[in-house]
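Below is one structure, written out as structure tokens; comments come after it.
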Amino acid sequence: MKPHLEIFPPEVEPDEDPRVGAIASHVREIVRLLGLDPEKDANLVDTDRRVAKMYLDIFAGLDEGNRPKLTTFPNEERYTAMVMEKEIPFYSMCSHHFIPFYGHGHIAYIPNEKIVGLSKLPRLLEFFARRPQLQERLTEQVASTLEEELKPQGVMVVIEARHLCVEMRGVKKPGAITVTSAIRGIFLEKAVREEFLDLLRRRG
Ligand SMILES: [Zn+2]
């Protein structure tokens with residue numbers, strides 16, 4: 001038994017985000033409006049709180065405090081070729097329907113004075129993915145942040161994703177992949193873009 005349950009309202013544990021209880025009460029109402037009764041289906045008993053906690057987790061990118069610090073290093077080797085992280089998996093939620101879209105991001109930049117720790121690129125993608133999102137905006141936010149913080153010669157971000165709001169409802173095109181790209185600086189030159197695509201094609 002948890003003794004604190006006698007002191008605190010049952011839906012709020014003391015170390016918990018106070019929004020859990022508030023969001024859960026609305027989820028409970030949705031469950032009720034759908035004609036479901038948690039008292040008659042044991043699987044629904046804690047669904048309100050599970051959904052509330054899940055939202056706060058998968059939308060953690062709404063909290064600026066979770067923004068990854070992009071540790072940079074001086075480009076002492078004067079490296080001026082392309083740095084690419086590809087096939088970075090991500091999961092996000094579509095702003096329009098609050099159901100998932102997911103896939104892979106490919107992020108490349110050509111440095112100037114600064115280079116960034118490679119692990120930071122996936123973290124940056126994840127930070128922006130963990131909020132209600134549009135694929136186009138996600139792509140732009142990753143590119144703009146790298147442009148601002150690294151001041152590189154150029155940045156290119158490509159995101160390939162499946163949208164469950166397209167597959168489960170509406171036009172129902174299972175497996176369709178949406179591709180978006182954001183291009184900055186030297187990547188506007190065709191030869192540089194082609195090098196990016198060439199590196200991307202070398203899969204496996
Ligand atoms: Zn959608």
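We name chains A, B, ... following the order of the structure tokens; residues begin at 1 in each chain, and ligands are numbered from 1 as shown.
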
Using 8 Å as the limit and counting only C-alpha atoms, can you tabulate each residue of region 7-103 of chain A that touches region 157-168 of chain A, with its shortest atom-to-atom distance in Å and the two atoms involved, as a Markdown table?
```
| residue | atom | partner | partner_atom | distance |
| --- | --- | --- | --- | --- |
| A:Cys94 | CA | A:Cys165 | CA | 7.7 |
| A:His97 | CA | A:Cys165 | CA | 6.7 |
| A:Ile99 | CA | A:Cys165 | CA | 6.3 |
| A:Pro100 | CA | A:Leu164 | CA | 5.8 |
| A:Phe101 | CA | A:His163 | CA | 4.2 |
| A:Tyr102 | CA | A:Ala161 | CA | 5.1 |
| A:Gly103 | CA | A:Ala161 | CA | 4.2 |
```

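Residue nearest ligand 1 within the list A:Gly185, A:Pro38, A:Pro152, A:Pro132: A:Pro132 [criterion: smallest interatomic distance, only C-alpha atoms and all ligand atoms].
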
If you run DSSP on the backbone here, which positions in chain A get alpha helix (DSSP H)? Please write them as a PDB file with N, CA and C atoms, in the first residue's frame.
```pdb
ATOM      1  N   ARG A  19       0.080  18.198 -14.182  1.00  0.00           N
ATOM      2  CA  ARG A  19      -0.763  18.125 -15.383  1.00  0.00           C
ATOM      3  C   ARG A  19      -1.314  16.717 -15.613  1.00  0.00           C
ATOM      4  N   VAL A  20      -0.679  15.690 -15.001  1.00  0.00           N
ATOM      5  CA  VAL A  20      -1.149  14.313 -15.221  1.00  0.00           C
ATOM      6  C   VAL A  20      -2.613  14.186 -14.818  1.00  0.00           C
ATOM      7  N   GLY A  21      -2.925  14.653 -13.594  1.00  0.00           N
ATOM      8  CA  GLY A  21      -4.300  14.542 -13.107  1.00  0.00           C
ATOM      9  C   GLY A  21      -5.274  15.318 -13.981  1.00  0.00           C
ATOM     10  N   ALA A  22      -4.869  16.518 -14.405  1.00  0.00           N
ATOM     11  CA  ALA A  22      -5.757  17.370 -15.202  1.00  0.00           C
ATOM     12  C   ALA A  22      -6.016  16.765 -16.586  1.00  0.00           C
ATOM     13  N   ILE A  23      -4.955  16.289 -17.233  1.00  0.00           N
ATOM     14  CA  ILE A  23      -5.131  15.679 -18.563  1.00  0.00           C
ATOM     15  C   ILE A  23      -5.945  14.402 -18.429  1.00  0.00           C
ATOM     16  N   ALA A  24      -5.655  13.619 -17.386  1.00  0.00           N
ATOM     17  CA  ALA A  24      -6.358  12.345 -17.186  1.00  0.00           C
ATOM     18  C   ALA A  24      -7.862  12.558 -17.056  1.00  0.00           C
ATOM     19  N   SER A  25      -8.267  13.652 -16.407  1.00  0.00           N
ATOM     20  CA  SER A  25      -9.706  13.876 -16.227  1.00  0.00           C
ATOM     21  C   SER A  25     -10.389  14.102 -17.577  1.00  0.00           C
ATOM     22  N   HIS A  26      -9.677  14.732 -18.503  1.00  0.00           N
ATOM     23  CA  HIS A  26     -10.255  14.938 -19.845  1.00  0.00           C
ATOM     24  C   HIS A  26     -10.271  13.634 -20.644  1.00  0.00           C
ATOM     25  N   VAL A  27      -9.214  12.834 -20.501  1.00  0.00           N
ATOM     26  CA  VAL A  27      -9.184  11.543 -21.199  1.00  0.00           C
ATOM     27  C   VAL A  27     -10.329  10.659 -20.699  1.00  0.00           C
ATOM     28  N   ARG A  28     -10.540  10.718 -19.388  1.00  0.00           N
ATOM     29  CA  ARG A  28     -11.633   9.940 -18.787  1.00  0.00           C
ATOM     30  C   ARG A  28     -12.964  10.328 -19.431  1.00  0.00           C
ATOM     31  N   GLU A  29     -13.125  11.632 -19.659  1.00  0.00           N
ATOM     32  CA  GLU A  29     -14.368  12.128 -20.258  1.00  0.00           C
ATOM     33  C   GLU A  29     -14.497  11.638 -21.708  1.00  0.00           C
ATOM     34  N   ILE A  30     -13.397  11.612 -22.436  1.00  0.00           N
ATOM     35  CA  ILE A  30     -13.439  11.090 -23.817  1.00  0.00           C
ATOM     36  C   ILE A  30     -13.854   9.621 -23.801  1.00  0.00           C
ATOM     37  N   VAL A  31     -13.250   8.859 -22.893  1.00  0.00           N
ATOM     38  CA  VAL A  31     -13.584   7.430 -22.778  1.00  0.00           C
ATOM     39  C   VAL A  31     -15.086   7.276 -22.517  1.00  0.00           C
ATOM     40  N   ARG A  32     -15.601   8.125 -21.623  1.00  0.00           N
ATOM     41  CA  ARG A  32     -17.024   8.056 -21.264  1.00  0.00           C
ATOM     42  C   ARG A  32     -17.895   8.428 -22.466  1.00  0.00           C
ATOM     43  N   LEU A  33     -17.501   9.489 -23.190  1.00  0.00           N
ATOM     44  CA  LEU A  33     -18.288   9.947 -24.346  1.00  0.00           C
ATOM     45  C   LEU A  33     -18.296   8.925 -25.480  1.00  0.00           C
ATOM     46  N   THR A  47      -6.467   3.814 -17.968  1.00  0.00           N
ATOM     47  CA  THR A  47      -6.154   4.363 -19.288  1.00  0.00           C
ATOM     48  C   THR A  47      -6.012   5.884 -19.251  1.00  0.00           C
ATOM     49  N   ASP A  48      -6.875   6.554 -18.478  1.00  0.00           N
ATOM     50  CA  ASP A  48      -6.804   8.018 -18.416  1.00  0.00           C
ATOM     51  C   ASP A  48      -5.417   8.497 -17.974  1.00  0.00           C
ATOM     52  N   ARG A  49      -4.907   7.868 -16.917  1.00  0.00           N
ATOM     53  CA  ARG A  49      -3.598   8.287 -16.411  1.00  0.00           C
ATOM     54  C   ARG A  49      -2.453   7.826 -17.319  1.00  0.00           C
ATOM     55  N   ARG A  50      -2.633   6.651 -17.916  1.00  0.00           N
ATOM     56  CA  ARG A  50      -1.584   6.166 -18.832  1.00  0.00           C
ATOM     57  C   ARG A  50      -1.454   7.103 -20.026  1.00  0.00           C
ATOM     58  N   VAL A  51      -2.596   7.512 -20.567  1.00  0.00           N
ATOM     59  CA  VAL A  51      -2.558   8.415 -21.728  1.00  0.00           C
ATOM     60  C   VAL A  51      -1.960   9.766 -21.325  1.00  0.00           C
ATOM     61  N   ALA A  52      -2.363  10.269 -20.158  1.00  0.00           N
ATOM     62  CA  ALA A  52      -1.831  11.564 -19.695  1.00  0.00           C
ATOM     63  C   ALA A  52      -0.312  11.506 -19.552  1.00  0.00           C
ATOM     64  N   LYS A  53       0.175  10.459 -18.922  1.00  0.00           N
ATOM     65  CA  LYS A  53       1.630  10.333 -18.730  1.00  0.00           C
ATOM     66  C   LYS A  53       2.348  10.157 -20.062  1.00  0.00           C
ATOM     67  N   MET A  54       1.714   9.390 -20.946  1.00  0.00           N
ATOM     68  CA  MET A  54       2.321   9.159 -22.257  1.00  0.00           C
ATOM     69  C   MET A  54       2.433  10.477 -23.032  1.00  0.00           C
ATOM     70  N   TYR A  55       1.372  11.297 -22.990  1.00  0.00           N
ATOM     71  CA  TYR A  55       1.427  12.582 -23.702  1.00  0.00           C
ATOM     72  C   TYR A  55       2.571  13.441 -23.178  1.00  0.00           C
ATOM     73  N   LEU A  56       2.702  13.494 -21.854  1.00  0.00           N
ATOM     74  CA  LEU A  56       3.754  14.337 -21.293  1.00  0.00           C
ATOM     75  C   LEU A  56       5.133  13.807 -21.690  1.00  0.00           C
ATOM     76  N   ASP A  57       5.227  12.507 -21.906  1.00  0.00           N
ATOM     77  CA  ASP A  57       6.493  11.918 -22.322  1.00  0.00           C
ATOM     78  C   ASP A  57       6.751  12.157 -23.813  1.00  0.00           C
ATOM     79  N   ILE A  58       5.782  11.803 -24.656  1.00  0.00           N
ATOM     80  CA  ILE A  58       6.055  11.923 -26.096  1.00  0.00           C
ATOM     81  C   ILE A  58       6.004  13.370 -26.572  1.00  0.00           C
ATOM     82  N   LYS A 120      24.741  14.552 -31.175  1.00  0.00           N
ATOM     83  CA  LYS A 120      23.799  15.658 -30.982  1.00  0.00           C
ATOM     84  C   LYS A 120      22.779  15.739 -32.117  1.00  0.00           C
ATOM     85  N   LEU A 121      23.131  15.216 -33.279  1.00  0.00           N
ATOM     86  CA  LEU A 121      22.208  15.354 -34.422  1.00  0.00           C
ATOM     87  C   LEU A 121      20.935  14.526 -34.202  1.00  0.00           C
ATOM     88  N   PRO A 122      21.061  13.236 -33.802  1.00  0.00           N
ATOM     89  CA  PRO A 122      19.835  12.493 -33.483  1.00  0.00           C
ATOM     90  C   PRO A 122      19.048  13.111 -32.330  1.00  0.00           C
ATOM     91  N   ARG A 123      19.762  13.658 -31.343  1.00  0.00           N
ATOM     92  CA  ARG A 123      19.047  14.240 -30.198  1.00  0.00           C
ATOM     93  C   ARG A 123      18.263  15.475 -30.599  1.00  0.00           C
ATOM     94  N   LEU A 124      18.831  16.231 -31.524  1.00  0.00           N
ATOM     95  CA  LEU A 124      18.131  17.428 -31.995  1.00  0.00           C
ATOM     96  C   LEU A 124      16.853  17.037 -32.746  1.00  0.00           C
ATOM     97  N   LEU A 125      16.974  16.012 -33.589  1.00  0.00           N
ATOM     98  CA  LEU A 125      15.788  15.522 -34.314  1.00  0.00           C
ATOM     99  C   LEU A 125      14.736  15.034 -33.322  1.00  0.00           C
ATOM    100  N   GLU A 126      15.169  14.307 -32.310  1.00  0.00           N
ATOM    101  CA  GLU A 126      14.213  13.770 -31.340  1.00  0.00           C
ATOM    102  C   GLU A 126      13.531  14.889 -30.561  1.00  0.00           C
ATOM    103  N   PHE A 127      14.298  15.897 -30.180  1.00  0.00           N
ATOM    104  CA  PHE A 127      13.722  17.016 -29.411  1.00  0.00           C
ATOM    105  C   PHE A 127      12.560  17.653 -30.179  1.00  0.00           C
ATOM    106  N   PHE A 128      12.786  17.941 -31.460  1.00  0.00           N
ATOM    107  CA  PHE A 128      11.720  18.595 -32.236  1.00  0.00           C
ATOM    108  C   PHE A 128      10.607  17.616 -32.607  1.00  0.00           C
ATOM    109  N   ALA A 129      10.925  16.303 -32.645  1.00  0.00           N
ATOM    110  CA  ALA A 129       9.894  15.320 -32.992  1.00  0.00           C
ATOM    111  C   ALA A 129       8.928  15.101 -31.837  1.00  0.00           C
ATOM    112  N   GLN A 135       5.557  17.375 -40.532  1.00  0.00           N
ATOM    113  CA  GLN A 135       6.844  16.883 -41.042  1.00  0.00           C
ATOM    114  C   GLN A 135       7.671  18.020 -41.657  1.00  0.00           C
ATOM    115  N   GLU A 136       6.989  18.909 -42.370  1.00  0.00           N
ATOM    116  CA  GLU A 136       7.685  20.037 -43.005  1.00  0.00           C
ATOM    117  C   GLU A 136       8.371  20.914 -41.957  1.00  0.00           C
ATOM    118  N   ARG A 137       7.632  21.205 -40.882  1.00  0.00           N
ATOM    119  CA  ARG A 137       8.170  22.083 -39.834  1.00  0.00           C
ATOM    120  C   ARG A 137       9.319  21.395 -39.096  1.00  0.00           C
ATOM    121  N   LEU A 138       9.162  20.097 -38.833  1.00  0.00           N
ATOM    122  CA  LEU A 138      10.226  19.330 -38.177  1.00  0.00           C
ATOM    123  C   LEU A 138      11.527  19.435 -38.975  1.00  0.00           C
ATOM    124  N   THR A 139      11.402  19.246 -40.282  1.00  0.00           N
ATOM    125  CA  THR A 139      12.569  19.293 -41.175  1.00  0.00           C
ATOM    126  C   THR A 139      13.243  20.670 -41.110  1.00  0.00           C
ATOM    127  N   GLU A 140      12.426  21.725 -41.172  1.00  0.00           N
ATOM    128  CA  GLU A 140      12.947  23.092 -41.143  1.00  0.00           C
ATOM    129  C   GLU A 140      13.582  23.427 -39.790  1.00  0.00           C
ATOM    130  N   GLN A 141      12.943  22.978 -38.710  1.00  0.00           N
ATOM    131  CA  GLN A 141      13.462  23.319 -37.377  1.00  0.00           C
ATOM    132  C   GLN A 141      14.839  22.721 -37.152  1.00  0.00           C
ATOM    133  N   VAL A 142      15.045  21.492 -37.615  1.00  0.00           N
ATOM    134  CA  VAL A 142      16.367  20.859 -37.451  1.00  0.00           C
ATOM    135  C   VAL A 142      17.398  21.642 -38.274  1.00  0.00           C
ATOM    136  N   ALA A 143      17.047  21.967 -39.513  1.00  0.00           N
ATOM    137  CA  ALA A 143      17.996  22.666 -40.388  1.00  0.00           C
ATOM    138  C   ALA A 143      18.314  24.067 -39.843  1.00  0.00           C
ATOM    139  N   SER A 144      17.289  24.797 -39.416  1.00  0.00           N
ATOM    140  CA  SER A 144      17.505  26.168 -38.940  1.00  0.00           C
ATOM    141  C   SER A 144      18.347  26.193 -37.673  1.00  0.00           C
ATOM    142  N   THR A 145      18.090  25.242 -36.768  1.00  0.00           N
ATOM    143  CA  THR A 145      18.860  25.214 -35.522  1.00  0.00           C
ATOM    144  C   THR A 145      20.331  24.960 -35.808  1.00  0.00           C
ATOM    145  N   LEU A 146      20.614  24.020 -36.711  1.00  0.00           N
ATOM    146  CA  LEU A 146      22.016  23.736 -37.035  1.00  0.00           C
ATOM    147  C   LEU A 146      22.657  24.931 -37.727  1.00  0.00           C
ATOM    148  N   GLU A 147      21.895  25.582 -38.583  1.00  0.00           N
ATOM    149  CA  GLU A 147      22.430  26.763 -39.274  1.00  0.00           C
ATOM    150  C   GLU A 147      22.782  27.857 -38.275  1.00  0.00           C
ATOM    151  N   GLU A 148      21.871  28.096 -37.321  1.00  0.00           N
ATOM    152  CA  GLU A 148      22.103  29.168 -36.345  1.00  0.00           C
ATOM    153  C   GLU A 148      23.252  28.843 -35.398  1.00  0.00           C
ATOM    154  N   GLU A 149      23.311  27.595 -34.940  1.00  0.00           N
ATOM    155  CA  GLU A 149      24.281  27.281 -33.888  1.00  0.00           C
ATOM    156  C   GLU A 149      25.669  26.948 -34.421  1.00  0.00           C
ATOM    157  N   LEU A 150      25.756  26.404 -35.628  1.00  0.00           N
ATOM    158  CA  LEU A 150      27.072  26.009 -36.157  1.00  0.00           C
ATOM    159  C   LEU A 150      27.621  27.021 -37.160  1.00  0.00           C
ATOM    160  N   LEU A 164       0.417   7.698 -39.972  1.00  0.00           N
ATOM    161  CA  LEU A 164      -0.720   6.818 -39.683  1.00  0.00           C
ATOM    162  C   LEU A 164      -2.052   7.516 -39.926  1.00  0.00           C
ATOM    163  N   CYS A 165      -2.081   8.857 -39.889  1.00  0.00           N
ATOM    164  CA  CYS A 165      -3.355   9.538 -40.178  1.00  0.00           C
ATOM    165  C   CYS A 165      -3.721   9.387 -41.648  1.00  0.00           C
ATOM    166  N   VAL A 166      -2.728   9.140 -42.491  1.00  0.00           N
ATOM    167  CA  VAL A 166      -3.010   8.879 -43.910  1.00  0.00           C
ATOM    168  C   VAL A 166      -3.358   7.403 -44.102  1.00  0.00           C
ATOM    169  N   GLU A 167      -2.683   6.538 -43.337  1.00  0.00           N
ATOM    170  CA  GLU A 167      -2.839   5.102 -43.573  1.00  0.00           C
ATOM    171  C   GLU A 167      -4.088   4.519 -42.914  1.00  0.00           C
ATOM    172  N   LYS A 190      23.777  22.496 -56.885  1.00  0.00           N
ATOM    173  CA  LYS A 190      23.342  21.172 -57.331  1.00  0.00           C
ATOM    174  C   LYS A 190      24.377  20.079 -57.059  1.00  0.00           C
ATOM    175  N   ALA A 191      25.648  20.391 -57.273  1.00  0.00           N
ATOM    176  CA  ALA A 191      26.699  19.374 -57.103  1.00  0.00           C
ATOM    177  C   ALA A 191      26.774  18.906 -55.651  1.00  0.00           C
ATOM    178  N   VAL A 192      26.577  19.842 -54.721  1.00  0.00           N
ATOM    179  CA  VAL A 192      26.648  19.494 -53.294  1.00  0.00           C
ATOM    180  C   VAL A 192      25.448  18.640 -52.912  1.00  0.00           C
ATOM    181  N   ARG A 193      24.285  19.037 -53.433  1.00  0.00           N
ATOM    182  CA  ARG A 193      23.074  18.243 -53.168  1.00  0.00           C
ATOM    183  C   ARG A 193      23.223  16.832 -53.711  1.00  0.00           C
ATOM    184  N   GLU A 194      23.848  16.720 -54.866  1.00  0.00           N
ATOM    185  CA  GLU A 194      24.031  15.397 -55.468  1.00  0.00           C
ATOM    186  C   GLU A 194      24.959  14.535 -54.634  1.00  0.00           C
ATOM    187  N   GLU A 195      25.973  15.170 -54.034  1.00  0.00           N
ATOM    188  CA  GLU A 195      26.855  14.416 -53.148  1.00  0.00           C
ATOM    189  C   GLU A 195      26.073  13.884 -51.944  1.00  0.00           C
ATOM    190  N   PHE A 196      25.196  14.736 -51.410  1.00  0.00           N
ATOM    191  CA  PHE A 196      24.329  14.312 -50.299  1.00  0.00           C
ATOM    192  C   PHE A 196      23.510  13.091 -50.714  1.00  0.00           C
ATOM    193  N   LEU A 197      22.873  13.178 -51.877  1.00  0.00           N
ATOM    194  CA  LEU A 197      22.000  12.074 -52.325  1.00  0.00           C
ATOM    195  C   LEU A 197      22.817  10.816 -52.599  1.00  0.00           C
ATOM    196  N   ASP A 198      24.037  11.023 -53.075  1.00  0.00           N
ATOM    197  CA  ASP A 198      24.923   9.897 -53.355  1.00  0.00           C
ATOM    198  C   ASP A 198      25.281   9.171 -52.053  1.00  0.00           C
ATOM    199  N   LEU A 199      25.612   9.950 -51.000  1.00  0.00           N
ATOM    200  CA  LEU A 199      25.925   9.351 -49.685  1.00  0.00           C
ATOM    201  C   LEU A 199      24.703   8.656 -49.117  1.00  0.00           C
ATOM    202  N   LEU A 200      23.549   9.244 -49.380  1.00  0.00           N
ATOM    203  CA  LEU A 200      22.298   8.676 -48.855  1.00  0.00           C
ATOM    204  C   LEU A 200      21.974   7.340 -49.509  1.00  0.00           C
ATOM    205  N   ARG A 201      22.267   7.241 -50.785  1.00  0.00           N
ATOM    206  CA  ARG A 201      21.946   6.016 -51.526  1.00  0.00           C
ATOM    207  C   ARG A 201      22.788   4.833 -51.091  1.00  0.00           C
TER     208      ARG A 201
END
```

query: Which of these, A:Gly35, A:Pro18, A:Pro74, A:Pro68, has the shortest distance to Ile115 (chain A) once you count only C-alpha atoms?
result: A:Pro74

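Comparing the minimum interatomic distances between Glu64 (chain A) and each of A:Phe98, A:Tyr109, A:Arg131, A:Gly175, counting only C-alpha atoms, we find that A:Arg131 sits nearest.
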
- line: In Å and to one decimal, CA of Pro89 (chain A) is distant from CA of Leu118 (chain A) by 14.7 Å

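Residue nearest ligand 1 within the list A:Ile110, A:Glu189, A:Ser95, A:Val155: A:Ser95 [criterion: smallest interatomic distance, only C-alpha atoms and all ligand atoms].
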
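You will find CA of Ser119 (chain A) at 25.4 Å from CA of Leu188 (chain A).
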
field: Residues of region 157-197 of chain A in strand (DSSP E), written as a list in words
entry: Val157, Val158, Ile159, Glu160, Ala161, Arg162, His163, Thr178, Val179, Thr180, Ser181, Ala182, Ile183, Arg184 and Gly185 of chain A

Selection from above, N, CA, C and O atoms, as a PDB file, in the first residue's frame, can you write it?
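Final file, again.pdb:
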```pdb
ATOM      1  N   VAL A 157      18.711  18.647 -44.585  1.00  0.00           N
ATOM      2  CA  VAL A 157      17.977  17.664 -43.784  1.00  0.00           C
ATOM      3  C   VAL A 157      16.907  17.041 -44.676  1.00  0.00           C
ATOM      4  O   VAL A 157      16.168  17.755 -45.352  1.00  0.00           O
ATOM      5  N   VAL A 158      16.867  15.721 -44.700  1.00  0.00           N
ATOM      6  CA  VAL A 158      15.803  15.006 -45.418  1.00  0.00           C
ATOM      7  C   VAL A 158      15.098  14.095 -44.414  1.00  0.00           C
ATOM      8  O   VAL A 158      15.755  13.404 -43.628  1.00  0.00           O
ATOM      9  N   ILE A 159      13.782  14.137 -44.427  1.00  0.00           N
ATOM     10  CA  ILE A 159      13.005  13.259 -43.554  1.00  0.00           C
ATOM     11  C   ILE A 159      12.046  12.431 -44.402  1.00  0.00           C
ATOM     12  O   ILE A 159      11.350  12.974 -45.274  1.00  0.00           O
ATOM     13  N   GLU A 160      12.067  11.124 -44.157  1.00  0.00           N
ATOM     14  CA  GLU A 160      11.159  10.195 -44.838  1.00  0.00           C
ATOM     15  C   GLU A 160      10.264   9.586 -43.770  1.00  0.00           C
ATOM     16  O   GLU A 160      10.771   9.031 -42.792  1.00  0.00           O
ATOM     17  N   ALA A 161       8.944   9.692 -43.949  1.00  0.00           N
ATOM     18  CA  ALA A 161       8.063   9.230 -42.872  1.00  0.00           C
ATOM     19  C   ALA A 161       6.765   8.633 -43.392  1.00  0.00           C
ATOM     20  O   ALA A 161       6.282   8.983 -44.466  1.00  0.00           O
ATOM     21  N   ARG A 162       6.238   7.727 -42.575  1.00  0.00           N
ATOM     22  CA  ARG A 162       4.887   7.189 -42.788  1.00  0.00           C
ATOM     23  C   ARG A 162       3.949   7.874 -41.809  1.00  0.00           C
ATOM     24  O   ARG A 162       4.295   8.038 -40.643  1.00  0.00           O
ATOM     25  N   HIS A 163       2.803   8.260 -42.304  1.00  0.00           N
ATOM     26  CA  HIS A 163       1.819   8.969 -41.478  1.00  0.00           C
ATOM     27  C   HIS A 163       0.615   8.069 -41.235  1.00  0.00           C
ATOM     28  O   HIS A 163      -0.108   7.737 -42.175  1.00  0.00           O
ATOM     29  N   THR A 178       6.217   9.911 -47.140  1.00  0.00           N
ATOM     30  CA  THR A 178       6.301  11.343 -47.417  1.00  0.00           C
ATOM     31  C   THR A 178       7.745  11.787 -47.210  1.00  0.00           C
ATOM     32  O   THR A 178       8.345  11.478 -46.179  1.00  0.00           O
ATOM     33  N   VAL A 179       8.289  12.489 -48.194  1.00  0.00           N
ATOM     34  CA  VAL A 179       9.677  12.951 -48.105  1.00  0.00           C
ATOM     35  C   VAL A 179       9.693  14.474 -48.076  1.00  0.00           C
ATOM     36  O   VAL A 179       9.033  15.120 -48.894  1.00  0.00           O
ATOM     37  N   THR A 180      10.415  15.031 -47.104  1.00  0.00           N
ATOM     38  CA  THR A 180      10.570  16.481 -47.039  1.00  0.00           C
ATOM     39  C   THR A 180      12.055  16.798 -46.941  1.00  0.00           C
ATOM     40  O   THR A 180      12.843  16.000 -46.435  1.00  0.00           O
ATOM     41  N   SER A 181      12.434  17.988 -47.417  1.00  0.00           N
ATOM     42  CA  SER A 181      13.831  18.372 -47.274  1.00  0.00           C
ATOM     43  C   SER A 181      13.928  19.849 -46.932  1.00  0.00           C
ATOM     44  O   SER A 181      13.029  20.632 -47.250  1.00  0.00           O
ATOM     45  N   ALA A 182      15.002  20.192 -46.247  1.00  0.00           N
ATOM     46  CA  ALA A 182      15.311  21.586 -45.950  1.00  0.00           C
ATOM     47  C   ALA A 182      16.767  21.808 -46.325  1.00  0.00           C
ATOM     48  O   ALA A 182      17.632  20.996 -45.989  1.00  0.00           O
ATOM     49  N   ILE A 183      17.023  22.888 -47.037  1.00  0.00           N
ATOM     50  CA  ILE A 183      18.347  23.116 -47.622  1.00  0.00           C
ATOM     51  C   ILE A 183      18.829  24.510 -47.243  1.00  0.00           C
ATOM     52  O   ILE A 183      18.084  25.475 -47.340  1.00  0.00           O
ATOM     53  N   ARG A 184      20.072  24.600 -46.783  1.00  0.00           N
ATOM     54  CA  ARG A 184      20.653  25.900 -46.409  1.00  0.00           C
ATOM     55  C   ARG A 184      22.043  26.028 -47.029  1.00  0.00           C
ATOM     56  O   ARG A 184      22.789  25.048 -47.129  1.00  0.00           O
ATOM     57  N   GLY A 185      22.399  27.246 -47.359  1.00  0.00           N
ATOM     58  CA  GLY A 185      23.774  27.571 -47.761  1.00  0.00           C
ATOM     59  C   GLY A 185      24.242  26.811 -48.987  1.00  0.00           C
ATOM     60  O   GLY A 185      23.537  26.716 -49.997  1.00  0.00           O
TER      61      GLY A 185
END
```

message: Just the number, please: distance in Å from CA of Thr72 (chain A) to CA of Phe90 (chain A), one decimal.
response: 23.0 Å

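Using only C-alpha atoms for every distance, the candidate list A:Tyr79, A:Phe73, A:Phe187, A:Phe59 yields A:Phe59 as the residue closest to Tyr91 (chain A).
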
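Between ligand 1 and the residues A:Arg130, A:Lys114, A:His96, A:Lys86, the shortest atom-to-atom distance, using only C-alpha atoms and all ligand atoms, involves A:His96.
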